[in-house]
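Visitor: Before we start, here is the structure in question, set down as structure tokens.
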Amino acid sequence: MGIPVTVQDLAYLEAGTVLSTVKPGRIEHFGVLTEQHLYGFPPTIISASKVRQLIVEEQPMQFSLGALIYAQGVWSKQPWQQTVGNARSQLGQPYRLFDRNCEHFVRFCHGLPQESPQLAKAVGVALIGGVILWALAA
């Protein structure tokens, strides 16, 4: 889950740090911390937003919807400028659950293979549930 951080703590984290928050249904939402401080506010966060159906740059409270924010660390050795540049290059692109969700996005930003462990787990559970229902019905 990462280390819980306050909005004020974000100013002391390295740009490119992966952040997460827990959404309803216990789904973890991920984003990338930027170096951008707007009007004295904490740094912004770029994420693939299911709510907005786009890759967006937003303030921490918009990203978390008021929930706790967790620092997940920096996921690659590339310079933060490259990570944040990769994130900004995707702004405005559509959110897609199966190939461009928040986990795919942060992995792309860090130059890692794009995958979504949460999605894979959910699909696996659904398949097992389907097999059980099919077996019970037979």
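Naming works like this for the structure tokens: A, B, ... for the chains as they're shown, residue 1 at the start of each chain, ligands 1 onward in shown order.
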Residues at most 10 Å from A:Gln62, counting only C-alpha atoms, excluding those fewer than 5 positions away in the same chain, as a ChimeraX atom specification?
Guide: /A:44-45,57,67
Visitor: From a DSSP calculation on the backbone, collect every residue of chain A in helix (DSSP H, G or I) and output the set as a PyMOL selection string.
Guide: chain A and resi 8-12+60-64+80-89+102-109+117-137
Visitor: Residues of chain A in strand (DSSP E) according to DSSP, as an MDAnalysis selection string?
Guide: chainID A and resid 3:5 18:23 27:37 43:49 54:58 69:73
Visitor: Determine the nearest neighbour of A:Val56 from the options A:Gln82, A:Gln90, A:Tyr70, A:Tyr39, counting only C-alpha atoms.
Guide: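 Checking each of A:Gln82, A:Gln90, A:Tyr70, A:Tyr39 against A:Val56, counting only C-alpha atoms, the winner is A:Gln90.
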Visitor: May I ask for the distance between atom CA of A:Ile27 and atom CA of A:His110, given in Å to one decimal place?
Guide: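 The value is 21.3 Å.
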